[in-house]
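One file, run37.cif, carrying mmCIF, C-alpha atoms:
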```cif
data_start
#
loop_
_atom_site.label_atom_id
_atom_site.label_comp_id
_atom_site.auth_asym_id
_atom_site.auth_seq_id
_atom_site.Cartn_x
_atom_site.Cartn_y
_atom_site.Cartn_z
CA MET A 1 -37.74 -1.91 -20.73
CA GLU A 2 -36.44 1.61 -21.15
CA LYS A 3 -34.68 3.02 -18.10
CA LYS A 4 -36.43 5.90 -16.46
CA LYS A 5 -34.69 9.26 -16.51
CA ASN A 6 -32.57 10.13 -13.47
CA THR A 7 -32.65 6.65 -11.94
CA PRO A 8 -29.67 4.34 -11.43
CA LYS A 9 -29.26 1.00 -13.17
CA LEU A 10 -28.96 -0.86 -9.86
CA ARG A 11 -31.36 -0.07 -7.04
CA PHE A 12 -32.81 -1.52 -3.85
CA PRO A 13 -36.26 -2.91 -4.79
CA GLU A 14 -38.26 -0.96 -2.19
CA PHE A 15 -37.41 2.38 -3.82
CA THR A 16 -39.06 3.83 -6.91
CA GLY A 17 -39.35 7.23 -8.54
CA GLU A 18 -36.77 9.50 -10.13
CA TRP A 19 -33.86 11.08 -8.36
CA GLU A 20 -33.92 14.85 -8.16
CA GLU A 21 -31.27 16.86 -9.99
CA LYS A 22 -29.52 19.35 -7.69
CA LYS A 23 -26.46 21.56 -7.60
CA LEU A 24 -24.12 20.81 -4.70
CA GLY A 25 -24.53 24.40 -3.56
CA GLU A 26 -28.28 23.81 -3.15
CA ILE A 27 -27.88 20.93 -0.69
CA ALA A 28 -24.83 22.18 1.21
CA GLU A 29 -24.83 24.60 4.13
CA LYS A 30 -21.13 25.29 3.73
CA VAL A 31 -18.58 25.05 0.92
CA ASN A 32 -15.27 26.68 1.76
CA SER A 33 -11.70 25.89 2.76
CA GLY A 34 -9.67 26.75 5.78
CA LYS A 35 -6.48 28.73 6.02
CA THR A 36 -2.94 28.51 7.30
CA PRO A 37 -2.76 30.11 10.74
CA LEU A 38 -0.84 33.35 11.18
CA GLY A 39 2.77 32.47 11.84
CA GLY A 40 2.67 29.41 9.57
CA GLU A 41 4.32 26.24 10.83
CA SER A 42 5.78 28.06 13.83
CA VAL A 43 2.37 27.85 15.58
CA TYR A 44 2.18 24.05 15.34
CA VAL A 45 2.35 22.22 18.69
CA ASP A 46 2.74 18.59 19.77
CA LYS A 47 -0.71 18.40 21.36
CA GLY A 48 -3.84 20.46 21.01
CA ILE A 49 -6.51 20.90 18.35
CA LEU A 50 -6.10 18.82 15.21
CA PHE A 51 -5.04 20.84 12.18
CA ILE A 52 -6.04 18.92 9.06
CA ARG A 53 -3.93 19.15 5.91
CA SER A 54 -4.36 17.51 2.51
CA GLN A 55 -2.12 14.56 3.48
CA ASN A 56 -4.59 13.71 6.26
CA VAL A 57 -7.32 13.07 3.66
CA PHE A 58 -6.18 9.67 2.45
CA ASP A 59 -7.79 6.46 1.17
CA ASN A 60 -11.30 7.87 1.75
CA LYS A 61 -10.57 8.32 5.45
CA LEU A 62 -9.38 11.01 7.83
CA SER A 63 -5.87 9.77 8.57
CA LEU A 64 -4.22 11.01 11.76
CA GLU A 65 -0.80 9.77 10.70
CA ASN A 66 1.71 12.65 10.78
CA ALA A 67 -0.99 14.79 12.41
CA THR A 68 -0.33 18.43 13.26
CA PHE A 69 -1.90 20.40 16.08
CA ILE A 70 -2.59 24.03 16.98
CA THR A 71 -3.49 25.72 20.28
CA GLU A 72 -6.99 26.74 21.33
CA GLU A 73 -5.89 30.37 21.02
CA THR A 74 -4.93 29.84 17.37
CA ASN A 75 -8.13 27.91 16.79
CA SER A 76 -10.21 30.86 18.03
CA THR A 77 -8.81 33.01 15.18
CA MET A 78 -9.89 30.46 12.52
CA GLU A 79 -13.59 30.07 13.22
CA ASN A 80 -14.56 29.70 9.55
CA SER A 81 -12.26 26.68 9.09
CA ILE A 82 -13.59 24.63 12.01
CA VAL A 83 -14.46 21.07 11.03
CA LYS A 84 -17.47 19.19 12.38
CA SER A 85 -18.39 15.52 12.38
CA LYS A 86 -19.98 14.30 9.12
CA ASP A 87 -18.40 17.12 7.09
CA ILE A 88 -17.05 15.99 3.72
CA LEU A 89 -13.43 17.07 3.26
CA LEU A 90 -12.20 17.50 -0.32
CA ASN A 91 -8.63 18.22 -1.37
CA ILE A 92 -8.73 21.07 -3.89
CA THR A 93 -5.08 21.61 -4.88
CA GLY A 94 -1.91 19.70 -5.67
CA ALA A 95 -1.22 16.09 -6.49
CA SER A 96 -3.91 14.89 -4.05
CA LEU A 97 -6.67 16.96 -5.67
CA GLY A 98 -9.98 15.09 -5.60
CA ARG A 99 -9.22 12.95 -2.55
CA SER A 100 -12.08 13.10 -0.07
CA CYS A 101 -13.42 11.63 3.16
CA VAL A 102 -16.26 11.99 5.66
CA VAL A 103 -15.26 13.25 9.12
CA PRO A 104 -16.15 10.48 11.63
CA GLU A 105 -19.15 10.95 13.91
CA ASN A 106 -16.95 10.69 17.03
CA PHE A 107 -14.82 13.63 15.84
CA ILE A 108 -14.56 16.39 18.46
CA VAL A 109 -12.78 19.44 17.06
CA GLY A 110 -10.31 20.43 14.35
CA ASN A 111 -9.43 22.91 11.62
CA VAL A 112 -8.38 22.62 7.98
CA ASN A 113 -5.89 24.55 5.91
CA GLN A 114 -6.54 26.31 2.61
CA HIS A 115 -5.87 23.18 0.52
CA VAL A 116 -8.89 21.34 1.94
CA CYS A 117 -12.52 22.25 1.28
CA ILE A 118 -15.24 21.70 3.88
CA ILE A 119 -18.55 20.54 2.38
CA ARG A 120 -21.25 20.54 5.03
CA LEU A 121 -24.53 19.13 3.73
CA ASN A 122 -27.92 20.13 5.08
CA LYS A 123 -29.80 17.76 7.40
CA ASP A 124 -31.80 16.21 4.55
CA ASN A 125 -28.71 14.66 2.96
CA GLU A 126 -26.34 11.87 3.93
CA PRO A 127 -22.59 12.60 3.47
CA TYR A 128 -21.78 8.88 3.34
CA PHE A 129 -23.97 8.71 0.22
CA PHE A 130 -22.34 11.63 -1.62
CA GLN A 131 -18.67 11.03 -0.72
CA PRO A 132 -18.51 7.73 -2.68
CA ILE A 133 -19.72 9.70 -5.73
CA PHE A 134 -16.76 12.07 -5.30
CA ALA A 135 -14.38 9.08 -4.92
CA SER A 136 -15.73 7.25 -7.97
CA GLU A 137 -14.05 7.33 -11.37
CA LYS A 138 -16.81 9.65 -12.59
CA GLY A 139 -16.21 12.02 -9.67
CA GLN A 140 -12.44 12.04 -10.12
CA ASN A 141 -12.77 12.83 -13.83
CA LEU A 142 -15.16 15.66 -12.96
CA PHE A 143 -12.72 17.25 -10.52
CA LYS A 144 -9.94 17.07 -13.08
CA SER A 145 -12.16 18.82 -15.65
CA LEU A 146 -13.05 21.60 -13.18
CA GLN A 147 -9.47 22.65 -12.45
CA VAL A 148 -8.69 26.27 -13.18
CA GLY A 149 -5.49 27.86 -14.42
CA GLY A 150 -4.46 24.89 -16.53
CA GLY A 151 -4.61 22.63 -13.48
CA ARG A 152 -2.15 24.74 -11.46
CA GLU A 153 -4.68 26.57 -9.29
CA GLY A 154 -6.92 23.65 -8.35
CA LEU A 155 -10.66 23.90 -7.71
CA ASN A 156 -12.56 27.04 -6.78
CA PHE A 157 -15.67 27.15 -4.63
CA GLN A 158 -17.90 28.38 -7.43
CA SER A 159 -17.16 25.29 -9.53
CA ILE A 160 -17.62 22.98 -6.52
CA ARG A 161 -21.00 24.52 -5.67
CA GLY A 162 -22.02 24.15 -9.32
CA ILE A 163 -21.46 20.37 -9.46
CA THR A 164 -24.64 18.60 -10.60
CA LEU A 165 -25.74 15.69 -8.43
CA TYR A 166 -28.76 13.40 -8.36
CA GLN A 167 -30.50 13.24 -4.99
CA PRO A 168 -32.77 10.38 -3.90
CA PRO A 169 -34.84 10.62 -0.70
CA LEU A 170 -32.85 10.55 2.54
CA SER A 171 -34.10 7.02 3.33
CA GLU A 172 -32.60 5.70 0.06
CA GLN A 173 -29.39 7.67 0.58
CA THR A 174 -29.04 6.08 4.02
CA LYS A 175 -29.67 2.55 2.70
CA ILE A 176 -27.01 2.96 -0.01
CA ALA A 177 -24.56 4.58 2.42
CA THR A 178 -24.99 1.76 4.96
CA PHE A 179 -24.40 -0.85 2.27
CA LEU A 180 -21.26 0.85 0.90
CA THR A 181 -19.93 1.40 4.42
CA ALA A 182 -20.21 -2.36 5.03
CA VAL A 183 -18.27 -2.99 1.81
CA ASP A 184 -15.57 -0.54 2.93
CA GLU A 185 -15.35 -2.19 6.34
CA LYS A 186 -14.76 -5.56 4.68
CA LEU A 187 -12.04 -4.02 2.51
CA THR A 188 -10.46 -2.44 5.59
CA GLN A 189 -10.43 -5.81 7.35
CA LEU A 190 -8.75 -7.47 4.36
CA LYS A 191 -6.13 -4.72 4.13
CA LYS A 192 -5.48 -4.97 7.86
CA LYS A 193 -5.10 -8.76 7.56
CA LYS A 194 -2.61 -8.30 4.73
CA THR A 195 -0.63 -5.72 6.73
CA LEU A 196 -0.50 -8.01 9.77
CA LEU A 197 0.72 -10.92 7.63
CA GLU A 198 3.42 -8.71 6.10
CA GLN A 199 4.51 -7.54 9.55
CA TYR A 200 4.54 -11.12 10.81
CA LYS A 201 6.66 -12.25 7.88
CA LYS A 202 9.10 -9.38 8.40
CA GLY A 203 9.52 -10.30 12.07
CA VAL A 204 9.96 -13.99 11.30
CA MET A 205 12.52 -13.26 8.60
CA GLN A 206 14.59 -11.18 11.01
CA LYS A 207 14.66 -14.08 13.45
CA LEU A 208 15.38 -16.69 10.79
CA PHE A 209 18.20 -14.84 9.05
CA SER A 210 19.78 -13.69 12.31
CA GLN A 211 19.65 -17.40 13.35
CA GLU A 212 17.74 -16.47 16.50
CA PHE A 213 15.23 -19.08 15.36
CA ARG A 214 16.40 -22.30 13.64
CA PHE A 215 14.61 -25.29 12.18
CA LYS A 216 15.51 -28.87 13.02
CA ASP A 217 16.14 -31.54 10.43
CA ASP A 218 13.72 -34.41 9.79
CA ASN A 219 15.33 -36.38 12.64
CA ASN A 220 14.87 -33.43 15.03
CA GLN A 221 18.59 -32.79 14.98
CA ASP A 222 20.36 -29.44 14.58
CA PHE A 223 21.39 -28.42 11.10
CA PRO A 224 25.08 -27.57 10.49
CA ASP A 225 26.36 -24.06 11.17
CA TRP A 226 25.78 -21.43 8.52
CA GLN A 227 28.76 -20.72 6.28
CA GLU A 228 30.10 -17.65 4.55
CA LYS A 229 30.26 -18.00 0.78
CA THR A 230 30.97 -15.49 -1.94
CA LEU A 231 28.20 -15.07 -4.48
CA GLY A 232 30.66 -16.28 -7.10
CA GLU A 233 31.08 -19.59 -5.24
CA ILE A 234 27.35 -20.38 -5.23
CA SER A 235 26.27 -18.93 -8.57
CA ASN A 236 27.43 -18.46 -12.15
CA ARG A 237 27.23 -15.23 -14.10
CA VAL A 238 24.79 -15.27 -17.05
CA ILE A 239 26.11 -13.50 -20.14
CA THR A 240 24.24 -15.45 -22.82
CA LYS A 241 23.36 -13.03 -25.63
CA ASN A 242 19.90 -12.97 -27.17
CA LYS A 243 20.80 -14.64 -30.47
CA GLU A 244 17.26 -16.05 -30.77
CA ASN A 245 15.88 -12.45 -30.79
CA ASN A 246 13.53 -13.02 -27.89
CA LEU A 247 11.34 -9.89 -27.65
CA ASN A 248 10.17 -10.34 -24.05
CA VAL A 249 12.15 -7.40 -22.70
CA LEU A 250 12.12 -7.32 -18.90
CA THR A 251 12.51 -4.59 -16.32
CA ILE A 252 12.88 -4.81 -12.54
CA SER A 253 9.84 -3.71 -10.53
CA ALA A 254 10.09 -3.47 -6.75
CA GLN A 255 6.64 -5.04 -6.33
CA ASN A 256 6.52 -7.45 -9.28
CA GLY A 257 10.14 -8.48 -9.77
CA LEU A 258 11.29 -9.14 -13.32
CA VAL A 259 8.30 -8.11 -15.40
CA SER A 260 7.72 -7.49 -19.10
CA GLN A 261 8.15 -3.85 -20.13
CA LEU A 262 4.95 -4.13 -22.17
CA GLU A 263 3.09 -5.20 -19.02
CA PHE A 264 4.76 -2.66 -16.74
CA PHE A 265 4.96 0.44 -18.95
CA ASN A 266 2.31 -0.52 -21.55
CA LYS A 267 5.08 -0.07 -24.10
CA SER A 268 8.64 -1.16 -24.77
CA VAL A 269 11.36 1.29 -23.74
CA SER A 270 14.22 -0.86 -24.98
CA ALA A 271 16.46 -0.48 -27.99
CA LYS A 272 15.02 -1.59 -31.34
CA ASP A 273 17.64 -4.31 -31.65
CA VAL A 274 17.69 -6.49 -28.52
CA THR A 275 19.91 -9.29 -29.84
CA GLY A 276 22.75 -7.91 -27.71
CA TYR A 277 20.70 -8.16 -24.50
CA TYR A 278 21.24 -10.94 -21.96
CA LEU A 279 18.90 -13.92 -22.34
CA LEU A 280 17.53 -15.24 -19.05
CA ASP A 281 15.77 -18.50 -18.24
CA ARG A 282 13.16 -19.02 -15.53
CA ASN A 283 14.76 -18.83 -12.02
CA ASP A 284 17.72 -16.76 -13.19
CA PHE A 285 18.44 -13.62 -11.15
CA ALA A 286 19.21 -10.07 -12.26
CA TYR A 287 20.68 -7.18 -10.27
CA ASN A 288 19.68 -3.62 -11.10
CA LYS A 289 22.36 -1.25 -9.82
CA SER A 290 19.86 1.61 -9.74
CA TYR A 291 18.87 2.51 -6.18
CA SER A 292 15.16 2.98 -5.48
CA ASN A 293 12.71 3.26 -2.60
CA GLY A 294 13.24 0.26 -0.33
CA TYR A 295 16.34 -0.81 -2.28
CA PRO A 296 19.14 1.62 -1.33
CA MET A 297 21.80 -0.62 -2.88
CA GLY A 298 19.74 -1.75 -5.86
CA ALA A 299 17.37 -4.71 -6.26
CA ILE A 300 18.10 -8.37 -7.00
CA LYS A 301 15.09 -10.14 -8.52
CA ARG A 302 14.32 -13.68 -9.72
CA LEU A 303 12.63 -14.47 -13.03
CA THR A 304 9.44 -16.35 -12.12
CA ARG A 305 6.73 -15.00 -14.47
CA TYR A 306 8.06 -16.29 -17.81
CA GLU A 307 10.10 -19.16 -19.20
CA LYS A 308 12.49 -16.72 -20.87
CA GLY A 309 13.16 -13.01 -21.16
CA VAL A 310 15.89 -10.52 -22.00
CA VAL A 311 17.41 -7.68 -20.01
CA SER A 312 19.76 -4.78 -20.68
CA THR A 313 23.45 -5.51 -20.24
CA LEU A 314 23.41 -2.85 -17.50
CA TYR A 315 21.99 -5.60 -15.28
CA ILE A 316 24.29 -8.15 -13.65
CA CYS A 317 22.73 -11.57 -14.12
CA PHE A 318 23.42 -14.92 -12.49
CA ARG A 319 22.16 -18.48 -12.12
CA ASN A 320 22.42 -20.27 -8.78
CA LYS A 321 24.32 -23.51 -8.37
CA THR A 322 22.49 -26.46 -6.79
CA CYS A 323 23.88 -25.57 -3.34
CA PHE A 324 21.91 -22.28 -3.33
CA ASP A 325 18.15 -22.81 -3.39
CA ASN A 326 16.35 -20.36 -5.67
CA SER A 327 13.39 -19.77 -3.35
CA PHE A 328 15.68 -19.26 -0.37
CA ALA A 329 17.88 -16.91 -2.39
CA GLU A 330 14.86 -14.85 -3.38
CA GLN A 331 13.84 -14.43 0.27
CA TYR A 332 17.43 -13.71 1.31
CA PHE A 333 17.87 -10.89 -1.21
CA GLU A 334 14.51 -9.38 -0.24
CA THR A 335 15.75 -8.97 3.33
CA GLY A 336 18.54 -6.70 2.06
CA LEU A 337 21.18 -8.73 3.92
CA GLN A 338 23.52 -8.24 0.96
CA ASN A 339 23.38 -4.43 1.22
CA ASN A 340 26.26 -4.09 3.68
CA GLU A 341 28.46 -6.13 1.36
CA LEU A 342 27.37 -4.11 -1.69
CA GLU A 343 28.08 -0.88 0.16
CA LYS A 344 31.64 -2.05 0.74
CA VAL A 345 32.31 -2.46 -2.97
CA ALA A 346 30.36 0.57 -4.23
CA GLN A 347 32.70 3.41 -5.08
CA GLU A 348 31.77 6.23 -2.74
CA GLY A 349 30.27 9.26 -4.46
CA ALA A 350 30.42 7.59 -7.87
CA ARG A 351 26.79 7.47 -8.97
CA ASN A 352 26.12 7.75 -12.69
CA HIS A 353 22.55 8.69 -13.64
CA GLY A 354 21.23 7.01 -10.50
CA LEU A 355 23.38 3.86 -10.97
CA LEU A 356 25.65 2.58 -8.22
CA ASN A 357 29.18 2.14 -9.45
CA ILE A 358 29.66 -1.55 -8.63
CA GLY A 359 31.92 -3.65 -10.82
CA VAL A 360 30.95 -7.14 -11.93
CA SER A 361 33.92 -8.83 -10.28
CA ASP A 362 33.30 -6.98 -7.01
CA PHE A 363 29.63 -7.96 -7.14
CA PHE A 364 30.46 -11.66 -7.26
CA LYS A 365 32.92 -11.24 -4.36
CA ILE A 366 30.23 -10.15 -1.89
CA GLU A 367 29.90 -12.62 0.99
CA LEU A 368 26.61 -14.24 1.98
CA THR A 369 26.06 -16.24 5.16
CA ILE A 370 23.87 -19.20 4.26
CA PRO A 371 22.70 -22.48 5.85
CA SER A 372 22.95 -25.96 4.40
CA LEU A 373 20.68 -26.74 1.45
CA PRO A 374 18.08 -28.73 3.50
CA GLU A 375 17.74 -25.82 5.96
CA GLN A 376 17.51 -23.36 3.08
CA GLN A 377 14.62 -25.37 1.69
CA LYS A 378 12.81 -25.50 5.05
CA ILE A 379 13.12 -21.74 5.44
CA ALA A 380 11.98 -21.13 1.88
CA THR A 381 8.95 -23.42 2.24
CA PHE A 382 7.89 -21.71 5.47
CA LEU A 383 8.22 -18.18 4.08
CA SER A 384 6.57 -19.13 0.78
CA ALA A 385 3.51 -20.34 2.71
CA ILE A 386 3.20 -16.88 4.29
CA ASP A 387 3.65 -15.28 0.86
CA GLU A 388 0.78 -17.40 -0.46
CA LYS A 389 -1.52 -16.09 2.27
CA ILE A 390 -0.45 -12.51 1.51
CA ASN A 391 -1.08 -13.07 -2.20
CA GLN A 392 -4.52 -14.51 -1.44
CA CYS A 393 -5.35 -11.35 0.56
CA SER A 394 -4.11 -9.16 -2.29
CA ALA A 395 -6.26 -11.05 -4.78
CA GLN A 396 -9.33 -10.71 -2.52
CA ILE A 397 -8.70 -6.97 -2.13
CA GLU A 398 -8.26 -6.49 -5.86
CA LYS A 399 -11.41 -8.48 -6.64
CA MET A 400 -13.48 -6.61 -4.08
CA GLU A 401 -12.24 -3.19 -5.22
CA ALA A 402 -13.18 -4.06 -8.80
CA TRP A 403 -16.60 -5.23 -7.60
CA LYS A 404 -17.09 -1.99 -5.65
CA LYS A 405 -16.07 0.06 -8.68
CA GLY A 406 -18.71 -1.71 -10.74
CA LEU A 407 -21.31 -1.06 -8.05
CA LEU A 408 -20.52 2.64 -7.95
CA GLN A 409 -21.01 2.86 -11.70
CA GLN A 410 -24.49 1.31 -11.42
CA MET A 411 -25.82 2.59 -8.08
CA PHE A 412 -25.56 6.30 -8.92
CA CYS A 413 -27.03 8.38 -11.74
#
```
Show me the file's structure as structure tokens.
Amino acid sequence: MEKKKNTPKLRFPEFTGEWEEKKLGEIAEKVNSGKTPLGGESVYVDKGILFIRSQNVFDNKLSLENATFITEETNSTMENSIVKSKDILLNITGASLGRSCVVPENFIVGNVNQHVCIIRLNKDNEPYFFQPIFASEKGQNLFKSLQVGGGREGLNFQSIRGITLYQPPLSEQTKIATFLTAVDEKLTQLKKKKTLLEQYKKGVMQKLFSQEFRFKDDNNQDFPDWQEKTLGEISNRVITKNKENNLNVLTISAQNGLVSQLEFFNKSVSAKDVTGYYLLDRNDFAYNKSYSNGYPMGAIKRLTRYEKGVVSTLYICFRNKTCFDNSFAEQYFETGLQNNELEKVAQEGARNHGLLNIGVSDFFKIELTIPSLPEQQKIATFLSAIDEKINQCSAQIEKMEAWKKGLLQQMFC
């Protein structure tokens, strides 16, 4: 059966009829941005009236993290930029262009600056219906296409008012908005659960590796004291060259560990000839001397995704001896406990293209304080169980976000 014009593919069964084509300017009472108060940042205060900036419009919500405030006196000079509950806020400049949110119904008072547009719909329209359209892939592509000045000047009000939208009756808008809000609440709960698990793991790791908390052995007896070992005592350097011409070139990702360049970059950024690269086997480790966010002294990652892979000789690679459990080692290095030792051997001020100047011999001289192998394995098993729960949450979030994306493509014209 041929789809009717101006109707979505997916619809609640009690609704029929075509959606009405409207310009945003026809259904909005207000489309304009705020301004920076006279005096700039000097008028900001610790408490007062919320002053909303583009960074406060985040993840489809009004985020009060790093909030800024202004006085009532300053607020009185910015009447046109006052925000009300159920306004749609849309970022119109910069890297966050296109981000949007609906101001919560319990919102009391606030202002926005010139980088945020206030869209106040008339009473016959539901903001929680239209904001998901703005946040959808279709909406984001539209905002990108409407940028003026080659993308440097952002969106202007004329182009925003001219956006074409399809408007169902208010009752249908409300039904869709209520449904999507429930989906968002479920996503929020999953993300909160993941965050709490991550915080729990971080706290437990601090207690485990500081030895504030210790496991008992299978006979309920204390394990031996932890011992200081150099990395060279408990591992062997890997310098095997890639004579088999393995083409699985790996890079270190903070989130994904040792991952294929093709998977990470969607292309290979290695040299054409990789036979001189180091060949790694599953469970080998590689150290990237390049400092990055969360890894001030570089990252040490374990190869777990593939049976084999190759890395640049800029990486320092090693394979643990049987006295150093691979899973425990992975957790140990993620805590950053080795950073103090690495800082001792890094030549101060000697950074070359973002690389820490750490010699191979010095790297293997760093000292690690580790428990006996049975205690290592107990710690690793415990932390891996938490990781599994975190991964399950991540998979649920990813699956639900993909499901929601598919819904948005079918529930709107």
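Shortest separation to Gly139 (chain A) among A:Leu190, A:Met205, A:Leu408, A:Ile379 occurs at residue A:Leu408, atoms counted being only C-alpha atoms.
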Report as lines of an AutoDock Vina configuration file the centre and the edge lengths, in Å to one decimal, of the axis-aligned box holding every listed atom of region 236-255 of chain A, padded by 3 Å on each side.
```
center_x = 17.0
center_y = -11.0
center_z = -18.6
size_x = 26.8
size_y = 21.0
size_z = 30.5
```
Exercise. Could you give me, as a ChimeraX atom specification, the residues within 12 Å of Glu172 (chain A), counting all atoms listed in the file and dropping anything in the same chain fewer than 5 positions from it?
Key: /A:8,11-19,124-126,128-130,167,177-179,411-412
Quiz prompt | Result set of the PyMOL selection byres ((chain A and resi 304) around 7) on the coordinates above, as number ranges by chain | solution = A: 282-283, 302-303, 305-306
Quiz prompt | Output check: residues returned by the PyMOL selection byres ((chain A and resi 217-234) around 9), as a ChimeraX atom specification | solution = /A:211,214-216,235-237,319-324,361,363-372,374-375,378
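Interatomic distance, CA of Phe328 (chain A) against CA of Leu373 (chain A): 9.2 Å.
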Could you tell me, as a PDB file with C-alpha atoms, in the coordinates of the input, exactly which residues end up selected when the PyMOL selection byres ((chain A and resi 85) around 12) is applied to this structure?
```pdb
ATOM      1  CA  LEU A  62      -9.380  11.010   7.830  1.00  0.00           C
ATOM      2  CA  ILE A  82     -13.590  24.630  12.010  1.00  0.00           C
ATOM      3  CA  VAL A  83     -14.460  21.070  11.030  1.00  0.00           C
ATOM      4  CA  LYS A  84     -17.470  19.190  12.380  1.00  0.00           C
ATOM      5  CA  LYS A  86     -19.980  14.300   9.120  1.00  0.00           C
ATOM      6  CA  ASP A  87     -18.400  17.120   7.090  1.00  0.00           C
ATOM      7  CA  ILE A  88     -17.050  15.990   3.720  1.00  0.00           C
ATOM      8  CA  LEU A  89     -13.430  17.070   3.260  1.00  0.00           C
ATOM      9  CA  CYS A 101     -13.420  11.630   3.160  1.00  0.00           C
ATOM     10  CA  VAL A 102     -16.260  11.990   5.660  1.00  0.00           C
ATOM     11  CA  VAL A 103     -15.260  13.250   9.120  1.00  0.00           C
ATOM     12  CA  PRO A 104     -16.150  10.480  11.630  1.00  0.00           C
ATOM     13  CA  GLU A 105     -19.150  10.950  13.910  1.00  0.00           C
ATOM     14  CA  ASN A 106     -16.950  10.690  17.030  1.00  0.00           C
ATOM     15  CA  PHE A 107     -14.820  13.630  15.840  1.00  0.00           C
ATOM     16  CA  ILE A 108     -14.560  16.390  18.460  1.00  0.00           C
ATOM     17  CA  VAL A 109     -12.780  19.440  17.060  1.00  0.00           C
ATOM     18  CA  GLY A 110     -10.310  20.430  14.350  1.00  0.00           C
ATOM     19  CA  ASN A 111      -9.430  22.910  11.620  1.00  0.00           C
ATOM     20  CA  ILE A 118     -15.240  21.700   3.880  1.00  0.00           C
ATOM     21  CA  ILE A 119     -18.550  20.540   2.380  1.00  0.00           C
ATOM     22  CA  ARG A 120     -21.250  20.540   5.030  1.00  0.00           C
ATOM     23  CA  LEU A 121     -24.530  19.130   3.730  1.00  0.00           C
ATOM     24  CA  PRO A 127     -22.590  12.600   3.470  1.00  0.00           C
ATOM     25  CA  TYR A 128     -21.780   8.880   3.340  1.00  0.00           C
TER      26      TYR A 128
END
```
Quiz item: Between CA of Leu187 (chain A) and CA of Gln392 (chain A), what is the distance, to one decimal in Å?
Solution: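 One can read the CA of Leu187 (chain A) to CA of Gln392 (chain A) distance as 13.5 Å.
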Quiz item: So which one's closest to Asn80 (chain A), A:Gly336, A:Val43, A:Ser33, A:Ser327? Using only C-alpha atoms, please.
Solution: A:Ser33
